[in-house]
file my_file_15.csv (CSV, C-alpha atoms and all ligand atoms)
chain,number,residue,atom,x,y,z
R,1,MET,CA,0.2,20.8,89.7
R,2,HIS,CA,-1.7,19.3,92.6
R,3,ARG,CA,1.3,17.0,93.4
R,4,THR,CA,3.7,20.0,93.4
R,5,LYS,CA,1.5,21.8,95.9
R,6,VAL,CA,1.4,18.7,98.2
R,7,ARG,CA,5.2,18.4,97.9
R,8,ILE,CA,5.7,22.1,99.0
R,9,VAL,CA,3.5,21.6,102.1
R,10,GLU,CA,5.3,18.4,103.0
R,11,ASP,CA,8.7,20.1,102.6
R,12,ALA,CA,7.6,23.0,104.9
R,13,LEU,CA,6.4,20.5,107.5
R,14,ASP,CA,9.7,18.6,107.3
R,15,ALA,CA,11.6,21.8,107.8
R,16,ASN,CA,9.4,22.6,110.8
R,17,ASN,CA,10.0,19.2,112.3
R,18,THR,CA,13.8,19.6,112.0
R,19,ILE,CA,13.7,22.8,113.9
R,20,ALA,CA,11.2,21.3,116.4
R,21,GLN,CA,13.7,18.5,117.1
R,22,ALA,CA,16.5,21.1,117.7
R,23,ASN,CA,14.2,22.9,120.1
R,24,ARG,CA,13.4,19.6,121.9
R,25,ALA,CA,17.1,18.8,122.2
R,26,ASP,CA,17.8,22.2,123.7
R,27,PHE,CA,14.9,21.9,126.2
R,28,ALA,CA,16.1,18.4,127.2
R,29,ARG,CA,19.7,19.7,127.7
R,30,ALA,CA,18.3,22.3,130.0
R,31,GLY,CA,16.3,19.7,131.9
R,32,VAL,CA,13.0,21.4,130.9
R,33,ALA,CA,9.9,19.3,130.0
R,34,VAL,CA,7.6,21.0,127.5
R,35,VAL,CA,3.8,21.0,127.0
R,36,ASN,CA,2.2,22.3,123.9
R,37,PHE,CA,-1.2,23.5,125.1
R,38,MET,CA,-3.8,24.0,122.5
R,39,SER,CA,-7.5,24.7,122.0
R,40,ALA,CA,-10.0,26.8,120.1
R,41,PRO,CA,-10.3,30.4,121.2
R,42,GLY,CA,-12.1,30.8,124.5
R,43,ALA,CA,-12.0,27.1,125.6
R,44,GLY,CA,-10.2,28.1,128.8
R,45,LYS,CA,-6.5,27.5,128.4
R,46,THR,CA,-5.4,30.5,130.3
R,47,SER,CA,-8.0,29.9,133.1
R,48,LEU,CA,-6.8,26.3,133.4
R,49,LEU,CA,-3.2,27.5,133.7
R,50,GLU,CA,-4.2,30.1,136.3
R,51,ARG,CA,-5.6,27.3,138.4
R,52,VAL,CA,-2.3,25.3,138.6
R,53,VAL,CA,0.9,27.0,137.5
R,54,GLY,CA,1.4,28.9,140.8
R,55,ASP,CA,1.1,25.8,142.8
R,56,LEU,CA,2.8,22.7,141.3
R,57,PRO,CA,4.5,21.0,144.2
R,58,GLY,CA,8.3,21.0,143.7
R,59,VAL,CA,8.0,22.1,140.1
R,60,ARG,CA,9.2,25.5,138.7
R,61,VAL,CA,6.9,26.4,135.9
R,62,GLY,CA,7.4,28.9,133.1
R,63,VAL,CA,4.9,29.9,130.4
R,64,LEU,CA,5.4,30.9,126.8
R,65,GLU,CA,2.3,32.7,125.8
R,66,GLY,CA,1.4,32.6,122.1
R,67,ASP,CA,-1.0,35.1,120.8
R,68,VAL,CA,-1.5,37.0,117.5
R,69,GLN,CA,-1.5,40.3,119.3
R,70,GLY,CA,-1.5,41.7,122.8
R,71,SER,CA,-0.5,40.4,126.2
R,72,MET,CA,-3.7,40.0,128.1
R,73,ASP,CA,-3.2,36.3,128.9
R,74,ALA,CA,0.4,36.8,129.8
R,75,ASP,CA,-0.5,39.7,132.2
R,76,ARG,CA,-3.0,37.4,133.9
R,77,LEU,CA,-0.4,34.7,134.4
R,78,ALA,CA,2.3,37.1,135.5
R,79,GLY,CA,0.2,37.9,138.5
R,80,LEU,CA,0.8,34.3,139.7
R,81,HIS,CA,4.6,35.1,140.0
R,82,VAL,CA,5.7,32.6,137.4
R,83,PRO,CA,7.9,33.7,134.5
R,84,VAL,CA,5.9,34.4,131.5
R,85,THR,CA,7.3,35.2,128.0
R,86,GLN,CA,5.1,36.7,125.4
R,87,LEU,CA,5.3,35.5,121.8
R,88,ASN,CA,3.2,37.5,119.3
R,89,THR,CA,2.8,36.2,115.8
R,90,ASP,CA,2.0,39.7,114.6
R,91,PRO,CA,4.0,41.6,113.4
R,92,SER,CA,7.1,39.4,113.4
R,93,PHE,CA,5.5,36.3,111.9
R,94,GLY,CA,2.8,37.7,109.6
R,95,GLY,CA,0.1,37.3,112.3
R,96,GLU,CA,0.0,33.5,111.9
R,97,CYS,CA,-2.8,31.7,113.6
R,98,HIS,CA,-0.5,29.1,115.2
R,99,LEU,CA,2.9,28.8,116.7
R,100,ASP,CA,5.6,26.9,114.7
R,101,ALA,CA,9.0,25.6,115.7
R,102,ASN,CA,10.8,28.6,114.2
R,103,MET,CA,8.8,31.1,116.3
R,104,VAL,CA,9.5,29.1,119.5
R,105,ARG,CA,13.1,28.9,118.5
R,106,SER,CA,13.2,32.7,118.2
R,107,ALA,CA,12.0,33.0,121.8
R,108,LEU,CA,14.5,30.5,123.3
R,109,GLY,CA,16.9,33.3,124.4
R,110,ALA,CA,14.1,35.0,126.3
R,111,LEU,CA,13.1,31.9,128.3
R,112,PRO,CA,14.6,31.4,131.7
R,113,LEU,CA,15.4,27.7,131.0
R,114,ASP,CA,17.9,27.5,133.9
R,115,GLU,CA,15.2,28.5,136.4
R,116,ILE,CA,12.4,26.3,135.3
R,117,ASP,CA,11.6,22.5,135.2
R,118,LEU,CA,8.4,22.7,133.1
R,119,LEU,CA,7.5,25.0,130.2
R,120,VAL,CA,3.9,25.3,129.1
R,121,ILE,CA,3.5,26.8,125.7
R,122,GLU,CA,0.1,28.3,125.3
R,123,ASN,CA,-0.6,28.1,121.6
R,124,VAL,CA,-2.7,30.5,119.6
R,125,GLY,CA,-6.4,29.6,119.9
R,126,ASN,CA,-7.2,27.5,116.9
R,127,LEU,CA,-8.2,23.8,116.3
R,128,VAL,CA,-6.6,23.5,112.9
R,129,CYS,CA,-3.0,24.4,112.1
R,130,PRO,CA,-1.5,24.2,115.6
R,131,ALA,CA,-2.0,20.5,115.3
R,132,GLU,CA,0.3,20.3,112.2
R,133,PHE,CA,3.3,22.1,113.7
R,134,ARG,CA,5.4,20.5,116.4
R,135,VAL,CA,7.3,23.2,118.3
R,136,GLY,CA,9.7,21.0,120.4
R,137,GLU,CA,7.2,19.7,123.0
R,138,ASP,CA,7.3,16.5,124.9
R,139,VAL,CA,3.6,16.2,125.2
R,140,ARG,CA,0.5,17.8,123.7
R,141,VAL,CA,-2.5,18.8,125.7
R,142,MET,CA,-5.8,20.1,124.3
R,143,VAL,CA,-8.8,21.7,125.9
R,144,SER,CA,-12.3,21.1,124.4
R,145,SER,CA,-15.0,22.9,126.3
R,146,VAL,CA,-18.5,21.6,126.4
R,147,THR,CA,-19.9,24.8,124.9
R,148,GLU,CA,-18.1,23.9,121.6
R,149,GLY,CA,-20.4,20.9,120.9
R,150,GLU,CA,-19.9,17.1,120.8
R,151,ASP,CA,-19.0,17.0,117.1
R,152,LYS,CA,-15.5,18.6,117.5
R,153,PRO,CA,-13.4,15.4,117.5
R,154,LEU,CA,-14.9,14.4,114.2
R,155,LYS,CA,-14.5,17.9,112.7
R,156,TYR,CA,-10.9,18.5,113.9
R,157,PRO,CA,-9.6,14.9,114.1
R,158,LEU,CA,-5.9,15.8,113.7
R,159,MET,CA,-5.9,18.0,116.8
R,160,PHE,CA,-7.6,15.2,118.9
R,161,ARG,CA,-5.5,12.5,117.3
R,162,THR,CA,-2.2,14.0,118.1
R,163,CYS,CA,-2.8,15.1,121.7
R,164,ASP,CA,-1.7,13.1,124.8
R,165,LEU,CA,-4.5,14.4,127.0
R,166,VAL,CA,-7.9,16.0,126.4
R,167,LEU,CA,-9.2,18.4,129.1
R,168,VAL,CA,-13.0,18.7,128.9
R,169,ASN,CA,-13.6,22.1,130.4
R,170,LYS,CA,-16.6,24.1,131.6
R,171,ILE,CA,-18.5,21.0,132.9
R,172,ASP,CA,-20.2,23.2,135.4
R,173,LEU,CA,-22.3,24.4,132.4
R,174,LEU,CA,-23.5,20.9,131.5
R,175,PRO,CA,-27.0,21.3,133.2
R,176,HIS,CA,-27.6,24.3,130.9
R,177,LEU,CA,-26.5,22.8,127.6
R,178,ASP,CA,-27.8,20.2,125.2
R,179,PHE,CA,-24.3,18.7,125.1
R,180,ASP,CA,-24.2,14.9,125.0
R,181,LEU,CA,-21.2,14.0,127.0
R,182,GLU,CA,-21.3,10.3,126.2
R,183,LYS,CA,-21.5,11.0,122.5
R,184,PHE,CA,-18.6,13.5,122.8
R,185,LEU,CA,-16.4,10.9,124.6
R,186,HIS,CA,-17.4,8.3,122.0
R,187,HIS,CA,-16.2,10.7,119.3
R,188,ILE,CA,-12.9,11.1,121.0
R,189,ASP,CA,-12.7,7.3,121.1
R,190,GLN,CA,-13.2,7.2,117.3
R,191,VAL,CA,-10.2,9.4,116.6
R,192,ASN,CA,-7.9,8.8,119.6
R,193,PRO,CA,-9.0,5.9,121.8
R,194,ARG,CA,-5.8,6.0,123.9
R,195,ALA,CA,-6.0,9.7,124.8
R,196,PRO,CA,-6.7,10.1,128.5
R,197,ARG,CA,-9.4,12.7,129.2
R,198,MET,CA,-10.3,14.7,132.3
R,199,LEU,CA,-13.6,16.4,133.0
R,200,LEU,CA,-13.1,19.7,134.8
R,201,SER,CA,-14.1,23.2,135.4
R,202,ALA,CA,-11.7,26.1,135.7
R,203,ARG,CA,-14.5,28.1,137.1
R,204,THR,CA,-15.5,25.9,140.0
R,205,GLY,CA,-12.2,24.0,140.4
R,206,GLU,CA,-13.8,20.6,139.9
R,207,GLY,CA,-11.3,18.1,138.5
R,208,ILE,CA,-8.4,20.5,138.8
R,209,GLU,CA,-6.5,18.3,141.2
R,210,GLN,CA,-6.0,15.6,138.6
R,211,TRP,CA,-4.9,18.2,136.0
R,212,ARG,CA,-2.3,19.4,138.6
R,213,GLU,CA,-1.1,15.9,139.2
R,214,TRP,CA,-0.8,15.1,135.5
R,215,LEU,CA,1.3,18.3,134.8
R,216,THR,CA,3.5,17.5,137.8
R,217,GLY,CA,4.1,14.1,136.2
R,218,VAL,CA,5.2,15.7,133.0
R,219,ALA,CA,7.9,17.6,134.9
R,220,ALA,CA,9.0,14.4,136.5
R,221,GLY,CA,9.3,12.8,133.1
R,222,VAL,CA,6.7,10.1,133.7
R,223,ARG,CA,4.4,11.2,130.8
R,224,GLU,CA,5.4,9.9,127.4
R,225,GLY,CA,4.2,11.8,124.4
R,226,ALA,CA,3.2,10.1,121.3
R,227,PRO,CA,6.0,10.0,118.6
R,228,ALA,CA,5.7,12.8,116.1
R,301,MG,MG,-5.5,32.2,126.5
R,302,ZN,ZN,-2.3,28.8,111.5

call {"tool": "encode", "arguments": {"input": "my_file_15.csv", "output": "structure tokens", "more": "lines below"}}
Ligand code: MG
Ligand code: ZN
result
Amino acid sequence: MHRTKVRIVEDALDANNTIAQANRADFARAGVAVVNFMSAPGAGKTSLLERVVGDLPGVRVGVLEGDVQGSMDADRLAGLHVPVTQLNTDPSFGGECHLDANMVRSALGALPLDEIDLLVIENVGNLVCPAEFRVGEDVRVMVSSVTEGEDKPLKYPLMFRTCDLVLVNKIDLLPHLDFDLEKFLHHIDQVNPRAPRMLLSARTGEGIEQWREWLTGVAAGVREGAPA
């Protein structure tokens, strides 16, 4: 019984990976580099995008905004004059708490692939299942804010293990928190020692320049994602 259940989950993830590879091939054919951008709800994904997407030198950016419902984040980003496409998992995909390759595939026709060099896919806020589903990305970036606590890499190891960059956000709040930054970085080392990390604050702008440079590098094809 247990073995059957495991088998069904593995088959579902295999099917997802096949579609993700098709997406990635389509993006590559269009010359578009793709970032899968993930975090828990409220970690600051949209704010970190607001800081950079309107001003990446020489790079035309588009955003695919994943949410269960609504378009509040897409509306914020559209004000920056970058093309934003909304992808809601409710009602079309049962209100799923993550994006999968099939959902992204369903949005391909709505994406202006000829007009962009870089697509950032803002995933649904969730530290669990988004980590399991490739969507066709070249690289995975996650945000972990200091308000979430230093134990998160140990509690959600798959998310931290499969990402190519960790953005540590809200560092302007460090003086007000009992957050042990050294311990947190050590926990990242325990699950993903090769992951680069950046300390930044979307609110104050501290550290944003290196985030901008890193994203620009993705568009230039100099960032290599870890193999699936
Ligand atoms: Mg958001
Ligand atoms: Zn989910």

call {"tool": "closest_atom_pairs", "arguments": {"input": "my_file_15.csv", "of": "chain R", "to": "ligand MG 301 (chain R)", "cutoff": "9 Å", "atoms": "all atoms listed in the file", "output": "JSON lines"}}
result
{"residue": "R:Ser39", "atom": "CA", "partner": "R:MG301", "partner_atom": "MG", "distance": 9.0}
{"residue": "R:Pro41", "atom": "CA", "partner": "R:MG301", "partner_atom": "MG", "distance": 7.4}
{"residue": "R:Gly42", "atom": "CA", "partner": "R:MG301", "partner_atom": "MG", "distance": 7.0}
{"residue": "R:Ala43", "atom": "CA", "partner": "R:MG301", "partner_atom": "MG", "distance": 8.3}
{"residue": "R:Gly44", "atom": "CA", "partner": "R:MG301", "partner_atom": "MG", "distance": 6.6}
{"residue": "R:Lys45", "atom": "CA", "partner": "R:MG301", "partner_atom": "MG", "distance": 5.2}
{"residue": "R:Thr46", "atom": "CA", "partner": "R:MG301", "partner_atom": "MG", "distance": 4.2}
{"residue": "R:Ser47", "atom": "CA", "partner": "R:MG301", "partner_atom": "MG", "distance": 7.4}
{"residue": "R:Leu49", "atom": "CA", "partner": "R:MG301", "partner_atom": "MG", "distance": 8.9}
{"residue": "R:Glu65", "atom": "CA", "partner": "R:MG301", "partner_atom": "MG", "distance": 7.8}
{"residue": "R:Gly66", "atom": "CA", "partner": "R:MG301", "partner_atom": "MG", "distance": 8.2}
{"residue": "R:Asp67", "atom": "CA", "partner": "R:MG301", "partner_atom": "MG", "distance": 7.8}
{"residue": "R:Met72", "atom": "CA", "partner": "R:MG301", "partner_atom": "MG", "distance": 8.2}
{"residue": "R:Asp73", "atom": "CA", "partner": "R:MG301", "partner_atom": "MG", "distance": 5.3}
{"residue": "R:Ala74", "atom": "CA", "partner": "R:MG301", "partner_atom": "MG", "distance": 8.2}
{"residue": "R:Glu122", "atom": "CA", "partner": "R:MG301", "partner_atom": "MG", "distance": 6.9}
{"residue": "R:Asn123", "atom": "CA", "partner": "R:MG301", "partner_atom": "MG", "distance": 8.1}
{"residue": "R:Val124", "atom": "CA", "partner": "R:MG301", "partner_atom": "MG", "distance": 7.6}
{"residue": "R:Gly125", "atom": "CA", "partner": "R:MG301", "partner_atom": "MG", "distance": 7.2}

call {"tool": "closest_residue", "arguments": {"input": "my_file_15.csv", "among": "R:Leu87, R:Val128, R:Leu108, R:Val32", "to": "ligand ZN 302 (chain R)", "atoms": "all atoms listed in the file"}}
result
R:Val128

call {"tool": "residues_around", "arguments": {"input": "my_file_15.csv", "residues": "region 207-218 of chain R", "least_positions_apart": "4", "cutoff": "12 Å", "atoms": "all atoms listed in the file", "output": "PyMOL selection string"}}
result
chain R and resi 31-37+47-61+117-120+137-143+164-172+196-203+222-225

call {"tool": "closest_residue", "arguments": {"input": "my_file_15.csv", "among": "R:Cys163, R:Ala28, R:Leu181, R:Ala22", "to": "Ala101 (chain R)", "atoms": "only C-alpha atoms"}}
result
R:Ala22

call {"tool": "closest_atom_pairs", "arguments": {"input": "my_file_15.csv", "of": "chain R", "to": "ligand ZN 302 (chain R)", "cutoff": "10 Å", "atoms": "only C-alpha atoms and all ligand atoms", "output": "Markdown table"}}
result
| residue | atom | partner | partner_atom | distance |
| --- | --- | --- | --- | --- |
| R:Thr89 | CA | R:ZN302 | ZN | 10.0 |
| R:Gly95 | CA | R:ZN302 | ZN | 8.9 |
| R:Glu96 | CA | R:ZN302 | ZN | 5.2 |
| R:Cys97 | CA | R:ZN302 | ZN | 3.6 |
| R:His98 | CA | R:ZN302 | ZN | 4.1 |
| R:Leu99 | CA | R:ZN302 | ZN | 7.4 |
| R:Asp100 | CA | R:ZN302 | ZN | 8.7 |
| R:Val124 | CA | R:ZN302 | ZN | 8.3 |
| R:Gly125 | CA | R:ZN302 | ZN | 9.4 |
| R:Asn126 | CA | R:ZN302 | ZN | 7.4 |
| R:Leu127 | CA | R:ZN302 | ZN | 9.1 |
| R:Val128 | CA | R:ZN302 | ZN | 7.0 |
| R:Cys129 | CA | R:ZN302 | ZN | 4.5 |
| R:Pro130 | CA | R:ZN302 | ZN | 6.2 |
| R:Ala131 | CA | R:ZN302 | ZN | 9.1 |
| R:Glu132 | CA | R:ZN302 | ZN | 8.9 |
| R:Phe133 | CA | R:ZN302 | ZN | 9.0 |

call {"tool": "write_last_selection", "arguments": {"input": "my_file_15.csv", "atoms": "C-alpha atoms", "output": "mmCIF file, in the frame of the given file"}}
result
data_model
loop_
_atom_site.group_PDB
_atom_site.id
_atom_site.type_symbol
_atom_site.label_atom_id
_atom_site.label_comp_id
_atom_site.auth_asym_id
_atom_site.auth_seq_id
_atom_site.Cartn_x
_atom_site.Cartn_y
_atom_site.Cartn_z
ATOM 1 C CA THR R 89 2.800 36.200 115.800
ATOM 2 C CA GLY R 95 0.100 37.300 112.300
ATOM 3 C CA GLU R 96 0.000 33.500 111.900
ATOM 4 C CA CYS R 97 -2.800 31.700 113.600
ATOM 5 C CA HIS R 98 -0.500 29.100 115.200
ATOM 6 C CA LEU R 99 2.900 28.800 116.700
ATOM 7 C CA ASP R 100 5.600 26.900 114.700
ATOM 8 C CA VAL R 124 -2.700 30.500 119.600
ATOM 9 C CA GLY R 125 -6.400 29.600 119.900
ATOM 10 C CA ASN R 126 -7.200 27.500 116.900
ATOM 11 C CA LEU R 127 -8.200 23.800 116.300
ATOM 12 C CA VAL R 128 -6.600 23.500 112.900
ATOM 13 C CA CYS R 129 -3.000 24.400 112.100
ATOM 14 C CA PRO R 130 -1.500 24.200 115.600
ATOM 15 C CA ALA R 131 -2.000 20.500 115.300
ATOM 16 C CA GLU R 132 0.300 20.300 112.200
ATOM 17 C CA PHE R 133 3.300 22.100 113.700
#

call {"tool": "atom_distance", "arguments": {"input": "my_file_15.csv", "atom1": "CA of Asn192 (chain R)", "atom2": "CA of Arg161 (chain R)"}}
result
5.0 Å

call {"tool": "atom_distance", "arguments": {"input": "my_file_15.csv", "atom1": "CA of Leu13 (chain R)", "atom2": "CA of Ser106 (chain R)"}}
result
17.6 Å

call {"tool": "closest_residue", "arguments": {"input": "my_file_15.csv", "among": "R:Leu64, R:Val146, R:Met159, R:Ala220", "to": "Met103 (chain R)", "atoms": "only C-alpha atoms"}}
result
R:Leu64

call {"tool": "closest_residue", "arguments": {"input": "my_file_15.csv", "among": "R:Ser144, R:Ser71, R:Gln21, R:Gln190", "to": "Thr85 (chain R)", "atoms": "all atoms listed in the file"}}
result
R:Ser71

call {"tool": "atom_distance", "arguments": {"input": "my_file_15.csv", "atom1": "CA of Ala15 (chain R)", "atom2": "CA of Asn102 (chain R)"}}
result
9.4 Å

call {"tool": "decode", "arguments": {"input": "my_file_15.csv", "residues": "region 55-78 of chain R", "atoms": "N, CA and C atoms", "output": "PDB file, in the first residue's frame"}}
result
ATOM      1  N   ASP R  55      14.688  48.330 -13.807  1.00  0.00           N
ATOM      2  CA  ASP R  55      16.001  48.932 -14.023  1.00  0.00           C
ATOM      3  C   ASP R  55      17.106  47.880 -14.038  1.00  0.00           C
ATOM      4  N   LEU R  56      17.019  46.973 -15.015  1.00  0.00           N
ATOM      5  CA  LEU R  56      18.105  46.010 -15.233  1.00  0.00           C
ATOM      6  C   LEU R  56      18.781  46.422 -16.537  1.00  0.00           C
ATOM      7  N   PRO R  57      20.030  46.905 -16.422  1.00  0.00           N
ATOM      8  CA  PRO R  57      20.675  47.480 -17.610  1.00  0.00           C
ATOM      9  C   PRO R  57      20.733  46.501 -18.782  1.00  0.00           C
ATOM     10  N   GLY R  58      20.126  46.896 -19.892  1.00  0.00           N
ATOM     11  CA  GLY R  58      20.210  46.102 -21.112  1.00  0.00           C
ATOM     12  C   GLY R  58      19.387  44.839 -21.111  1.00  0.00           C
ATOM     13  N   VAL R  59      18.555  44.647 -20.093  1.00  0.00           N
ATOM     14  CA  VAL R  59      17.766  43.419 -19.998  1.00  0.00           C
ATOM     15  C   VAL R  59      16.274  43.756 -19.995  1.00  0.00           C
ATOM     16  N   ARG R  60      15.554  43.115 -20.906  1.00  0.00           N
ATOM     17  CA  ARG R  60      14.096  43.283 -20.935  1.00  0.00           C
ATOM     18  C   ARG R  60      13.466  42.185 -20.081  1.00  0.00           C
ATOM     19  N   VAL R  61      12.779  42.609 -19.025  1.00  0.00           N
ATOM     20  CA  VAL R  61      12.247  41.655 -18.051  1.00  0.00           C
ATOM     21  C   VAL R  61      10.744  41.501 -18.204  1.00  0.00           C
ATOM     22  N   GLY R  62      10.268  40.285 -18.011  1.00  0.00           N
ATOM     23  CA  GLY R  62       8.840  40.036 -17.863  1.00  0.00           C
ATOM     24  C   GLY R  62       8.623  39.252 -16.588  1.00  0.00           C
ATOM     25  N   VAL R  63       7.418  39.370 -16.037  1.00  0.00           N
ATOM     26  CA  VAL R  63       7.104  38.657 -14.795  1.00  0.00           C
ATOM     27  C   VAL R  63       5.852  37.813 -15.001  1.00  0.00           C
ATOM     28  N   LEU R  64       5.935  36.576 -14.539  1.00  0.00           N
ATOM     29  CA  LEU R  64       4.743  35.723 -14.461  1.00  0.00           C
ATOM     30  C   LEU R  64       4.417  35.610 -12.978  1.00  0.00           C
ATOM     31  N   GLU R  65       3.259  36.128 -12.622  1.00  0.00           N
ATOM     32  CA  GLU R  65       2.907  36.301 -11.218  1.00  0.00           C
ATOM     33  C   GLU R  65       1.966  35.190 -10.773  1.00  0.00           C
ATOM     34  N   GLY R  66       2.470  34.285  -9.951  1.00  0.00           N
ATOM     35  CA  GLY R  66       1.648  33.177  -9.473  1.00  0.00           C
ATOM     36  C   GLY R  66       0.997  33.488  -8.141  1.00  0.00           C
ATOM     37  N   ASP R  67      -0.306  33.354  -8.083  1.00  0.00           N
ATOM     38  CA  ASP R  67      -1.032  33.537  -6.828  1.00  0.00           C
ATOM     39  C   ASP R  67      -2.210  32.584  -6.829  1.00  0.00           C
ATOM     40  N   VAL R  68      -2.705  32.266  -5.649  1.00  0.00           N
ATOM     41  CA  VAL R  68      -3.927  31.472  -5.581  1.00  0.00           C
ATOM     42  C   VAL R  68      -5.078  32.301  -6.149  1.00  0.00           C
ATOM     43  N   GLN R  69      -5.222  33.508  -5.652  1.00  0.00           N
ATOM     44  CA  GLN R  69      -6.279  34.404  -6.119  1.00  0.00           C
ATOM     45  C   GLN R  69      -5.745  35.821  -6.224  1.00  0.00           C
ATOM     46  N   GLY R  70      -6.460  36.627  -7.036  1.00  0.00           N
ATOM     47  CA  GLY R  70      -6.214  38.058  -7.053  1.00  0.00           C
ATOM     48  C   GLY R  70      -5.026  38.458  -7.896  1.00  0.00           C
ATOM     49  N   SER R  71      -4.830  39.778  -8.028  1.00  0.00           N
ATOM     50  CA  SER R  71      -3.743  40.293  -8.862  1.00  0.00           C
ATOM     51  C   SER R  71      -3.050  41.474  -8.187  1.00  0.00           C
ATOM     52  N   MET R  72      -3.032  41.490  -6.856  1.00  0.00           N
ATOM     53  CA  MET R  72      -2.444  42.646  -6.158  1.00  0.00           C
ATOM     54  C   MET R  72      -0.961  42.808  -6.463  1.00  0.00           C
ATOM     55  N   ASP R  73      -0.209  41.689  -6.477  1.00  0.00           N
ATOM     56  CA  ASP R  73       1.227  41.781  -6.748  1.00  0.00           C
ATOM     57  C   ASP R  73       1.477  42.172  -8.202  1.00  0.00           C
ATOM     58  N   ALA R  74       0.686  41.584  -9.110  1.00  0.00           N
ATOM     59  CA  ALA R  74       0.832  41.920 -10.533  1.00  0.00           C
ATOM     60  C   ALA R  74       0.548  43.395 -10.763  1.00  0.00           C
ATOM     61  N   ASP R  75      -0.456  43.925 -10.069  1.00  0.00           N
ATOM     62  CA  ASP R  75      -0.798  45.337 -10.228  1.00  0.00           C
ATOM     63  C   ASP R  75       0.356  46.231  -9.766  1.00  0.00           C
ATOM     64  N   ARG R  76       1.008  45.823  -8.668  1.00  0.00           N
ATOM     65  CA  ARG R  76       2.154  46.607  -8.178  1.00  0.00           C
ATOM     66  C   ARG R  76       3.262  46.635  -9.224  1.00  0.00           C
ATOM     67  N   LEU R  77       3.546  45.467  -9.812  1.00  0.00           N
ATOM     68  CA  LEU R  77       4.670  45.379 -10.752  1.00  0.00           C
ATOM     69  C   LEU R  77       4.341  46.037 -12.085  1.00  0.00           C
ATOM     70  N   ALA R  78       3.065  45.991 -12.474  1.00  0.00           N
ATOM     71  CA  ALA R  78       2.681  46.593 -13.755  1.00  0.00           C
ATOM     72  C   ALA R  78       2.959  48.099 -13.738  1.00  0.00           C
TER      73      ALA R  78
END
